[in-house]
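Taking it in order: structure first as C-alpha cells, then the write-up.
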Amino acid sequence: MRYFNLYSDILITKGANRILISDLQRETSELQPLELFEIIEELKTRSVEEILAFYDDASKQIVLEYLDYLTEREYGFITEGNWDTKFPPLSYEFQSPSTINDIFIELEDIAILGSLRNSIEKLAIKHIVIYSNKTLSFNDFCEIDHSASLVSDPVPSGAN
C-alpha cells in the first residue's frame, strides 16, 4: 500500500470555490480547484489504492494527475507501507514568554508613562501603542521615545 504525506511546511487553506496551497519554505502560494482539497483530506487517512478504488476509470486518472502534480511540486511524498505515521504534524501553537505581548494606552498626559514603566518592564511587554486626543509636540515625542528606550533591553557591554 502507498501513502501520500504532505510536507509540514505546506499549508492548505480551503475557500468557498477553491483552495490556496502555501509553501512556507519557498514563500509561494497558488490557487487550485476545491476537488484537490477533498483528495488531500482523504489521503491523510487512506492509502492511494483505497482512494482509487472509490473512483471510476476517468476519475482515477484525474486523482493520479493530482498526485503527480503534488509530488512534482514537492508538496508531499509517497511512502510504501504504513511507516508514514512516524511523521507528526507541524504544531501551529504560538508561545511567548511574555504575559502580555502588546499594550494599547490612551493618554491625556504623557507624564503617566513614567509611572507605567516598571509594570511594562515586569510584564515584558514587547509592543506599546500610545493614543492621545491632544496634539503632541516634538518634545512630547522625544520624551515618549526616551521612556521607551529605558524599557527596552539594554545591549550588554562588549556586544556589537
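Ligands are numbered from 1 in the order shown, residues from 1 within each chain, and chains are lettered A, B, ... in the order they appear in the C-alpha cells.
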If DSSP is run on the backbone, what residues of segment 9-133 of chain A are alpha helix (DSSP H)? A reply as a ChimeraX atom specification would be ideal.
/A:34-43,48-53,57-72,112-123
Mind writing the picked residues with N, CA and C atoms as a compact mmCIF listing (two decimals), in the first residue's frame?
# COMPACT_ATOMS: atom_id res chain seq x y z
N LEU A 34 -11.18 23.15 -5.78
CA LEU A 34 -11.64 22.64 -4.50
C LEU A 34 -11.59 21.11 -4.43
N GLU A 35 -11.69 20.43 -5.58
CA GLU A 35 -11.64 18.97 -5.59
C GLU A 35 -10.33 18.44 -5.02
N LEU A 36 -9.25 19.20 -5.23
CA LEU A 36 -7.94 18.77 -4.74
C LEU A 36 -7.93 18.73 -3.21
N PHE A 37 -8.65 19.64 -2.56
CA PHE A 37 -8.73 19.64 -1.10
C PHE A 37 -9.34 18.34 -0.60
N GLU A 38 -10.42 17.92 -1.24
CA GLU A 38 -11.10 16.69 -0.83
C GLU A 38 -10.18 15.48 -0.99
N ILE A 39 -9.41 15.45 -2.06
CA ILE A 39 -8.48 14.34 -2.28
C ILE A 39 -7.37 14.36 -1.24
N ILE A 40 -6.82 15.54 -0.94
CA ILE A 40 -5.76 15.65 0.07
C ILE A 40 -6.28 15.21 1.43
N GLU A 41 -7.50 15.59 1.78
CA GLU A 41 -8.08 15.19 3.05
C GLU A 41 -8.24 13.66 3.12
N GLU A 42 -8.67 13.04 2.03
CA GLU A 42 -8.81 11.59 2.00
C GLU A 42 -7.45 10.91 2.14
N LEU A 43 -6.44 11.50 1.52
CA LEU A 43 -5.09 10.91 1.55
C LEU A 43 -4.47 10.95 2.94
N VAL A 48 -3.37 5.32 -1.14
CA VAL A 48 -3.68 5.72 -2.52
C VAL A 48 -4.58 4.68 -3.17
N GLU A 49 -4.28 3.39 -2.95
CA GLU A 49 -5.08 2.32 -3.55
C GLU A 49 -6.53 2.32 -3.04
N GLU A 50 -6.71 2.60 -1.74
CA GLU A 50 -8.07 2.66 -1.19
C GLU A 50 -8.88 3.79 -1.82
N ILE A 51 -8.24 4.91 -2.02
CA ILE A 51 -8.92 6.06 -2.62
C ILE A 51 -9.25 5.79 -4.07
N LEU A 52 -8.32 5.22 -4.81
CA LEU A 52 -8.56 4.93 -6.22
C LEU A 52 -9.70 3.94 -6.41
N ALA A 53 -9.92 3.05 -5.44
CA ALA A 53 -10.99 2.05 -5.53
C ALA A 53 -12.37 2.70 -5.54
N ASP A 57 -12.81 4.82 -13.87
CA ASP A 57 -11.54 4.93 -14.59
C ASP A 57 -11.18 6.37 -14.95
N ALA A 58 -12.14 7.16 -15.39
CA ALA A 58 -11.85 8.55 -15.77
C ALA A 58 -11.44 9.37 -14.55
N SER A 59 -12.13 9.16 -13.44
CA SER A 59 -11.81 9.89 -12.21
C SER A 59 -10.49 9.43 -11.61
N LYS A 60 -10.18 8.14 -11.76
CA LYS A 60 -8.88 7.64 -11.27
C LYS A 60 -7.73 8.37 -11.94
N GLN A 61 -7.89 8.61 -13.24
CA GLN A 61 -6.85 9.31 -13.98
C GLN A 61 -6.64 10.73 -13.42
N ILE A 62 -7.74 11.39 -13.08
CA ILE A 62 -7.65 12.75 -12.52
C ILE A 62 -6.96 12.72 -11.15
N VAL A 63 -7.31 11.74 -10.32
CA VAL A 63 -6.68 11.62 -9.00
C VAL A 63 -5.18 11.37 -9.15
N LEU A 64 -4.82 10.49 -10.09
CA LEU A 64 -3.40 10.22 -10.31
C LEU A 64 -2.66 11.46 -10.83
N GLU A 65 -3.33 12.25 -11.66
CA GLU A 65 -2.72 13.51 -12.13
C GLU A 65 -2.51 14.47 -10.97
N TYR A 66 -3.49 14.55 -10.06
CA TYR A 66 -3.33 15.39 -8.87
C TYR A 66 -2.15 14.91 -8.01
N LEU A 67 -2.04 13.60 -7.85
CA LEU A 67 -0.91 13.05 -7.08
C LEU A 67 0.43 13.37 -7.73
N ASP A 68 0.48 13.22 -9.04
CA ASP A 68 1.71 13.58 -9.76
C ASP A 68 2.02 15.05 -9.59
N TYR A 69 1.00 15.87 -9.67
CA TYR A 69 1.19 17.31 -9.51
C TYR A 69 1.75 17.63 -8.12
N LEU A 70 1.16 17.03 -7.07
CA LEU A 70 1.60 17.30 -5.70
C LEU A 70 3.04 16.84 -5.46
N THR A 71 3.41 15.72 -6.04
CA THR A 71 4.78 15.23 -5.84
C THR A 71 5.78 16.00 -6.71
N GLU A 72 5.40 16.36 -7.93
CA GLU A 72 6.29 17.14 -8.80
C GLU A 72 6.59 18.52 -8.22
N ILE A 112 2.32 60.13 32.69
CA ILE A 112 1.91 58.85 33.29
C ILE A 112 2.80 57.69 32.80
N LEU A 113 3.45 57.86 31.67
CA LEU A 113 4.31 56.79 31.15
C LEU A 113 5.41 56.42 32.14
N GLY A 114 5.93 57.40 32.85
CA GLY A 114 6.97 57.12 33.84
C GLY A 114 6.49 56.20 34.93
N SER A 115 5.23 56.37 35.36
CA SER A 115 4.70 55.50 36.42
C SER A 115 4.35 54.11 35.90
N LEU A 116 4.15 53.97 34.59
CA LEU A 116 3.84 52.67 33.99
C LEU A 116 5.09 51.87 33.65
N ARG A 117 6.23 52.52 33.64
CA ARG A 117 7.47 51.89 33.18
C ARG A 117 7.80 50.60 33.91
N ASN A 118 7.70 50.58 35.24
CA ASN A 118 8.02 49.37 36.00
C ASN A 118 7.07 48.23 35.66
N SER A 119 5.79 48.54 35.51
CA SER A 119 4.82 47.49 35.17
C SER A 119 5.10 46.92 33.78
N ILE A 120 5.43 47.80 32.84
CA ILE A 120 5.73 47.36 31.48
C ILE A 120 6.97 46.47 31.47
N GLU A 121 7.98 46.83 32.26
CA GLU A 121 9.19 46.00 32.34
C GLU A 121 8.90 44.64 32.95
N LYS A 122 8.13 44.60 34.04
CA LYS A 122 7.83 43.34 34.74
C LYS A 122 7.02 42.39 33.86
N LEU A 123 6.11 42.94 33.07
CA LEU A 123 5.28 42.10 32.19
C LEU A 123 6.00 41.72 30.90
Taking 3 positions as the minimum chain separation for residues in the same chain, which residues sit within 9 Å of Ile12 of chain A when counting only C-alpha atoms? Answer as a list in words.
Ile19, Leu20, Ile21, Ser22 and Phe37 of chain A
Could those selected residues go to a file with C-alpha atoms, as a JSON list (two decimals), in the first residue's frame?
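Result went into result-v5.json, see below:
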[["chain", "number", "residue", "atom", "x", "y", "z"],
["A", 19, "ILE", "CA", -8.05, 26.19, -2.21],
["A", 20, "LEU", "CA", -4.80, 28.04, -1.57],
["A", 21, "ILE", "CA", -1.67, 25.92, -1.34],
["A", 22, "SER", "CA", 1.07, 27.80, 0.52],
["A", 37, "PHE", "CA", -8.73, 19.64, -1.10]]
Write down as a list in words the residues of segment 38-106 of chain A whose backbone DSSP state falls under strand (DSSP E).
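Taking segment 38-106 of chain A and keeping strand (DSSP E) only, one gets Gly76, Phe77, Ile78, Thr79, Glu80, Asp102, Ile103, Phe104, Ile105 and Glu106 of chain A.
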So what do you get for atom CA of Phe4 of chain A versus atom CA of Thr79 of chain A, distance-wise?
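So the answer is 6.5 Å.
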Distance atom CA of Leu31 of chain A-atom CA of Glu74 of chain A, one decimal place?
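Distance reported for this atom pair: 15.7 Å.
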Could you tell me how far atom CA of Ile110 of chain A lies from atom CA of Tyr131 of chain A, in Å and to one decimal?
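About the pair atom CA of Ile110 of chain A and atom CA of Tyr131 of chain A: they are 10.1 Å apart.
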Considering only C-alpha atoms, return as a list in words whatever protein or nucleic-acid residues lie within 6 Å of Asp102 of chain A, sequence-local ones (same chain, fewer than 6 positions apart) excluded.
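Once the adjacent positions are removed, what remains is Ile125, His127 and Ile128 of chain A.
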From A:Ser147, A:Glu108, A:Gly81, A:Pro97, residue lying nearest Ala124 of chain A [only C-alpha atoms]:
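Residue with the minimum atom-to-atom distance to Ala124 of chain A: A:Pro97.
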Tell me which of A:Leu11, A:Arg73, A:Phe141, A:Tyr3 sits closest to Ala111 of chain A, counting only C-alpha atoms.
A:Phe141
